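Written out below as structure tokens is the structure these notes cover.
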Amino acid sequence: MDAIILKGPGGVENLVRVQIPVPEISDNDVLIKVMAIGLNPIDIKTRKGRGLYQALKESDPIILGWDISGTVTGTGSKVTRFKVGDEAFGMVNFPGHGKAYAEYVAAPDAHLALKPSGVSHREAAAASLAALTAWQVLKYKAAIKKGDRVLIHAAAGGVGHFAVQMAKQQGAWVAATASARNREFISIIGADLFIDYEKHNFENELKDMDLVLDMIGGEYTTRSFRVLKPGGTIICIPSGTSEDISEQASARGLNGFHFRVRSDGDDMREISDLLKREVIKPFISGTFSFDEIRPAHLQIETGKTRGKLVVIID
């Protein structure tokens, strides 16, 4: 089968298309013929030697990627949720070795959900890691109540644009930071207030926020403390952000968490339902062929991708 392997940490030239055997499946796995792959910033960080590279560096070969959508072509002896011919999607083996940049992927059935019939493979692949991150944050850490005031940084990005839609569905008032070119997009996905981060300091525009979802880290975390009400919560999502966020927040009378998404089929089934009911809709700003994985990585490296990028395997 065709696969794209990482020859070593570094630039996009280290992503190489090769032929390798179709993976074998265990009793609890399904074999997926991949139709679409979702790309994420963690792919780029790991390619460069950060992110999850240390956990994967002894693997041979290293195959990046975690988001897939495709057709089930084989099932393990203990699999009951899926049958050959089903269309399934999900985030596979995160934070382990997902091996998504491949024509076929062996995936634990516990990490997948059935793809809704009215949702394309492109949309399903786009709504895996990013949508799952937003959902798990809001479900397990944020506990949004109707009327809560929520600030979402990088709201036009992958996780951000899903978080806006989900927070609004849960009844929150949502402020969103993004660049000026994303003003209309932010309005379309439902945010109540747009803040152009290039022209305005959000801490001068907001106060008494119940929750901040910080997709950026660094100085944004420190500045975000200033807009929270006493007892408010900040959740930092990017890998590599400060691990002592809890202590920093506690010293200010706030709650702080660093969050990492995890593969979970039950949560993926909830994402599937949200897609089916059109509560959330992924925005795909670019579609690339398998041979265009390098320019796709370079686009994500700009840090200015709106929504999601998807790779299609013909």
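FYI, nothing fancy with the structure tokens labels: chains A, B, ... in order, residues from 1 per chain, ligands from 1 as they appear.
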Check your understanding: What lies within 7 Å of range 164-181 of chain A using only C-alpha atoms, ignoring chain neighbours under 2 positions off, as a ChimeraX atom specification?
Key -> /A:144-156,160-162,183,189-198,280
Practice item. Would you mind listing what lies within 8 Å of Ile313 in chain A as a ChimeraX atom specification, with only C-alpha atoms counted and same-chain residues fewer than 6 positions away left out? Key: /A:34-37,103,289-290
Exercise for review: Could you please write out, as a PyMOL selection string, every residue of range 28-262 of chain A that DSSP assigns to strand (DSSP E)?
Suggested key: chain A and resi 29-39+67-75+87-91+104-108+112-114+149-152+173-178+193-196+209-214+228-236+255-258
Residue subset to file, keeping C-alpha atoms, as a PDB file, in the first residue's frame:
ATOM      1  CA  ASP A  29      -9.173  -3.702  15.306  1.00  0.00           C
ATOM      2  CA  VAL A  30     -10.828  -2.785  12.058  1.00  0.00           C
ATOM      3  CA  LEU A  31      -8.982  -2.280   8.794  1.00  0.00           C
ATOM      4  CA  ILE A  32      -9.934   1.009   7.161  1.00  0.00           C
ATOM      5  CA  LYS A  33      -9.462   1.819   3.488  1.00  0.00           C
ATOM      6  CA  VAL A  34      -8.730   5.508   3.971  1.00  0.00           C
ATOM      7  CA  MET A  35     -10.557   8.020   1.827  1.00  0.00           C
ATOM      8  CA  ALA A  36      -9.627  11.242   3.638  1.00  0.00           C
ATOM      9  CA  ILE A  37      -7.083  12.343   6.241  1.00  0.00           C
ATOM     10  CA  GLY A  38      -7.425  15.369   8.490  1.00  0.00           C
ATOM     11  CA  LEU A  39      -4.280  17.401   9.186  1.00  0.00           C
ATOM     12  CA  ASP A  67      -7.564  11.646  11.681  1.00  0.00           C
ATOM     13  CA  ILE A  68      -9.139   9.291   9.157  1.00  0.00           C
ATOM     14  CA  SER A  69     -12.395   8.596   7.376  1.00  0.00           C
ATOM     15  CA  GLY A  70     -12.923   5.620   5.138  1.00  0.00           C
ATOM     16  CA  THR A  71     -14.494   2.219   4.548  1.00  0.00           C
ATOM     17  CA  VAL A  72     -14.152  -0.855   6.742  1.00  0.00           C
ATOM     18  CA  THR A  73     -12.517  -3.659   4.741  1.00  0.00           C
ATOM     19  CA  GLY A  74     -11.756  -6.067   7.594  1.00  0.00           C
ATOM     20  CA  THR A  75     -12.687  -6.675  11.228  1.00  0.00           C
ATOM     21  CA  GLU A  87     -18.082   3.930   6.591  1.00  0.00           C
ATOM     22  CA  ALA A  88     -16.247   4.983   9.745  1.00  0.00           C
ATOM     23  CA  PHE A  89     -14.177   7.900  10.993  1.00  0.00           C
ATOM     24  CA  GLY A  90     -12.224   8.968  14.041  1.00  0.00           C
ATOM     25  CA  MET A  91      -8.999   9.972  15.703  1.00  0.00           C
ATOM     26  CA  TYR A 104      -4.971   1.491   4.910  1.00  0.00           C
ATOM     27  CA  VAL A 105      -5.040   1.971   8.684  1.00  0.00           C
ATOM     28  CA  ALA A 106      -5.507  -0.637  11.413  1.00  0.00           C
ATOM     29  CA  ALA A 107      -7.617   1.147  14.018  1.00  0.00           C
ATOM     30  CA  PRO A 108      -9.033   0.042  17.370  1.00  0.00           C
ATOM     31  CA  LEU A 112     -14.085   5.060  15.773  1.00  0.00           C
ATOM     32  CA  ALA A 113     -17.679   5.981  15.001  1.00  0.00           C
ATOM     33  CA  LEU A 114     -19.939   5.343  12.043  1.00  0.00           C
ATOM     34  CA  ARG A 149     -19.386  34.310  28.973  1.00  0.00           C
ATOM     35  CA  VAL A 150     -16.731  32.482  26.967  1.00  0.00           C
ATOM     36  CA  LEU A 151     -13.616  33.785  25.192  1.00  0.00           C
ATOM     37  CA  ILE A 152     -12.126  31.597  22.463  1.00  0.00           C
ATOM     38  CA  TRP A 173     -22.196  34.180  24.964  1.00  0.00           C
ATOM     39  CA  VAL A 174     -19.013  33.855  22.900  1.00  0.00           C
ATOM     40  CA  ALA A 175     -16.246  36.350  22.188  1.00  0.00           C
ATOM     41  CA  ALA A 176     -13.710  35.278  19.568  1.00  0.00           C
ATOM     42  CA  THR A 177     -10.245  36.520  18.668  1.00  0.00           C
ATOM     43  CA  ALA A 178      -9.011  36.186  15.091  1.00  0.00           C
ATOM     44  CA  LEU A 193     -18.269  39.438  19.524  1.00  0.00           C
ATOM     45  CA  PHE A 194     -15.320  39.513  17.136  1.00  0.00           C
ATOM     46  CA  ILE A 195     -11.986  40.957  18.314  1.00  0.00           C
ATOM     47  CA  ASP A 196      -9.260  41.644  15.776  1.00  0.00           C
ATOM     48  CA  MET A 209     -15.531  36.070  31.584  1.00  0.00           C
ATOM     49  CA  ASP A 210     -16.456  32.650  32.921  1.00  0.00           C
ATOM     50  CA  LEU A 211     -14.180  30.675  30.601  1.00  0.00           C
ATOM     51  CA  VAL A 212     -11.223  31.192  28.276  1.00  0.00           C
ATOM     52  CA  LEU A 213     -10.242  28.538  25.744  1.00  0.00           C
ATOM     53  CA  ASP A 214      -6.631  29.341  24.904  1.00  0.00           C
ATOM     54  CA  LEU A 228     -11.674  36.225  33.914  1.00  0.00           C
ATOM     55  CA  LYS A 229     -14.037  36.804  36.808  1.00  0.00           C
ATOM     56  CA  PRO A 230     -13.027  35.471  40.271  1.00  0.00           C
ATOM     57  CA  GLY A 231     -13.298  31.698  40.136  1.00  0.00           C
ATOM     58  CA  GLY A 232     -13.264  31.707  36.333  1.00  0.00           C
ATOM     59  CA  THR A 233     -11.530  29.034  34.283  1.00  0.00           C
ATOM     60  CA  ILE A 234      -8.813  29.040  31.639  1.00  0.00           C
ATOM     61  CA  ILE A 235      -8.019  25.930  29.619  1.00  0.00           C
ATOM     62  CA  CYS A 236      -4.802  25.795  27.568  1.00  0.00           C
ATOM     63  CA  ASN A 255      -9.015  27.652  37.788  1.00  0.00           C
ATOM     64  CA  GLY A 256      -6.488  26.585  35.179  1.00  0.00           C
ATOM     65  CA  PHE A 257      -5.996  23.411  33.194  1.00  0.00           C
ATOM     66  CA  HIS A 258      -3.785  22.104  30.425  1.00  0.00           C
TER      67      HIS A 258
END
Practice item. Can you pull out every residue within 8 Å of Gly307 in chain A, counting only C-alpha atoms, but drop anything in the same chain fewer than 5 positions away, and send it as a list in words? Key: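 Returned residues: Ala156, Gly157, Gly158, Val159, His161, Pro282, Phe283, Ile284 and Ser285 of chain A.
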Kindly export the residues of the current selection with C-alpha atoms, as a PDB file, in the first residue's frame.
ATOM      1  CA  ALA A 156     -11.069  30.652  13.121  1.00  0.00           C
ATOM      2  CA  GLY A 157      -8.704  27.685  13.454  1.00  0.00           C
ATOM      3  CA  GLY A 158      -9.408  23.983  13.606  1.00  0.00           C
ATOM      4  CA  VAL A 159     -10.290  23.547  17.263  1.00  0.00           C
ATOM      5  CA  HIS A 161     -14.203  27.057  14.941  1.00  0.00           C
ATOM      6  CA  PRO A 282     -16.504  21.657   9.634  1.00  0.00           C
ATOM      7  CA  PHE A 283     -15.047  24.371   7.442  1.00  0.00           C
ATOM      8  CA  ILE A 284     -12.458  22.980   5.033  1.00  0.00           C
ATOM      9  CA  SER A 285     -10.268  25.686   3.571  1.00  0.00           C
TER      10      SER A 285
END
Practice item. Please measure the separation of CA of Val18 in chain A and CA of Ile4 in chain A, giving the value in Å to one decimal. Key: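 According to the coordinates, CA of Val18 in chain A and CA of Ile4 in chain A are separated by 6.1 Å.
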Would you list the contacts of Val12 in chain A as a compact mmCIF listing (two decimals) with N, CA and C atoms, in the first residue's frame, taking every protein, DNA or RNA residue within 12 Å and counting only C-alpha atoms, but skipping same-chain residues closer than 5 positions in sequence?
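See selection_35.txt below for the written result:
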# COMPACT_ATOMS: atom_id res chain seq x y z
N ILE A 4 2.97 7.54 3.59
CA ILE A 4 3.95 8.62 3.69
C ILE A 4 4.64 8.47 5.03
N ILE A 5 5.94 8.24 5.00
CA ILE A 5 6.69 8.02 6.23
C ILE A 5 7.55 9.24 6.55
N LEU A 6 7.89 9.37 7.81
CA LEU A 6 8.79 10.44 8.26
C LEU A 6 10.18 9.85 8.41
N LYS A 7 11.11 10.32 7.58
CA LYS A 7 12.47 9.78 7.59
C LYS A 7 13.28 10.24 8.78
N ARG A 17 6.91 9.40 0.26
CA ARG A 17 5.91 8.40 -0.13
C ARG A 17 6.60 7.09 -0.48
N ASP A 43 0.65 17.42 13.84
CA ASP A 43 1.39 16.72 12.78
C ASP A 43 2.68 17.46 12.47
N ILE A 44 2.58 18.78 12.36
CA ILE A 44 3.73 19.60 12.01
C ILE A 44 4.73 19.63 13.16
N LYS A 45 4.26 19.80 14.38
CA LYS A 45 5.15 19.81 15.55
C LYS A 45 5.91 18.49 15.66
N THR A 46 5.21 17.38 15.42
CA THR A 46 5.85 16.07 15.53
C THR A 46 6.86 15.88 14.40
N ARG A 47 6.51 16.31 13.20
CA ARG A 47 7.46 16.22 12.09
C ARG A 47 8.76 16.96 12.38
N LYS A 48 8.66 18.07 13.09
CA LYS A 48 9.84 18.88 13.39
C LYS A 48 10.65 18.35 14.59
N GLY A 49 10.15 17.30 15.23
CA GLY A 49 10.89 16.74 16.36
C GLY A 49 10.33 17.13 17.71
N GLU A 292 0.48 15.81 -2.27
CA GLU A 292 0.63 17.21 -1.87
C GLU A 292 0.73 17.37 -0.36
N ILE A 293 1.16 16.35 0.33
CA ILE A 293 1.26 16.41 1.79
C ILE A 293 2.27 17.47 2.22
N ARG A 294 3.32 17.65 1.46
CA ARG A 294 4.32 18.66 1.84
C ARG A 294 3.76 20.07 1.79
N PRO A 295 3.16 20.52 0.67
CA PRO A 295 2.56 21.86 0.69
C PRO A 295 1.45 22.00 1.72
N ALA A 296 0.74 20.92 2.02
CA ALA A 296 -0.28 20.99 3.06
C ALA A 296 0.35 21.29 4.41
N HIS A 297 1.47 20.64 4.71
CA HIS A 297 2.19 20.92 5.95
C HIS A 297 2.66 22.37 5.99
N LEU A 298 3.17 22.84 4.87
CA LEU A 298 3.66 24.22 4.83
C LEU A 298 2.53 25.22 5.06
N GLN A 299 1.34 24.91 4.56
CA GLN A 299 0.21 25.80 4.79
C GLN A 299 -0.13 25.87 6.28
N ILE A 300 -0.17 24.73 6.96
CA ILE A 300 -0.47 24.74 8.38
C ILE A 300 0.61 25.49 9.16
N GLU A 301 1.85 25.38 8.71
CA GLU A 301 2.96 26.07 9.38
C GLU A 301 2.79 27.59 9.38
Practice item. Mind the document's chain letters and residue numbers, and return as a VMD selection string the residues of range 22-151 of chain A that DSSP labels alpha helix (DSSP H). Key: chain A and resid 41 to 47 53 to 56 121 to 126 129 to 136
Point to revise | 9 Å contact set for Arg262 in chain A, only C-alpha atoms, chain neighbours under 6 positions out, as a PyMOL selection string | key: chain A and resi 91+93-95+129+132-133+136
Point to revise | Test item: residues at most 6 Å from range 21-27 of chain A, only C-alpha atoms, excluding those fewer than 4 positions along its chain, as a list in words | key: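 With the cut-off at 6 Å, the set is Met1, Gly76, Ser77, Lys78 and Ala106 of chain A.
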Check your understanding: Pick from A:Gly96, A:Arg269, A:Asp109, A:Glu247: nearest to Tyr53 in chain A, with only C-alpha atoms counted?
Key ->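 Of A:Gly96, A:Arg269, A:Asp109, A:Glu247, the one nearest Tyr53 in chain A, counting only C-alpha atoms, is A:Gly96.
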Exercise for review: Report the distance between CA of Ser250 in chain A and CA of Ile216 in chain A in Å, rounded to one decimal place.
Suggested key: 20.2 Å
**Study point:** Pick from A:Trp66, A:Phe82, A:Trp135, A:Phe259 nearest to Asp244 in chain A, counting only C-alpha atoms
**Key:**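 Among the listed residues, A:Phe259 lies closest to Asp244 in chain A.
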Study note, to complete from the structure: note - CA of Gly286 in chain A and CA of Leu309 in chain A are separated by 4.9 Å
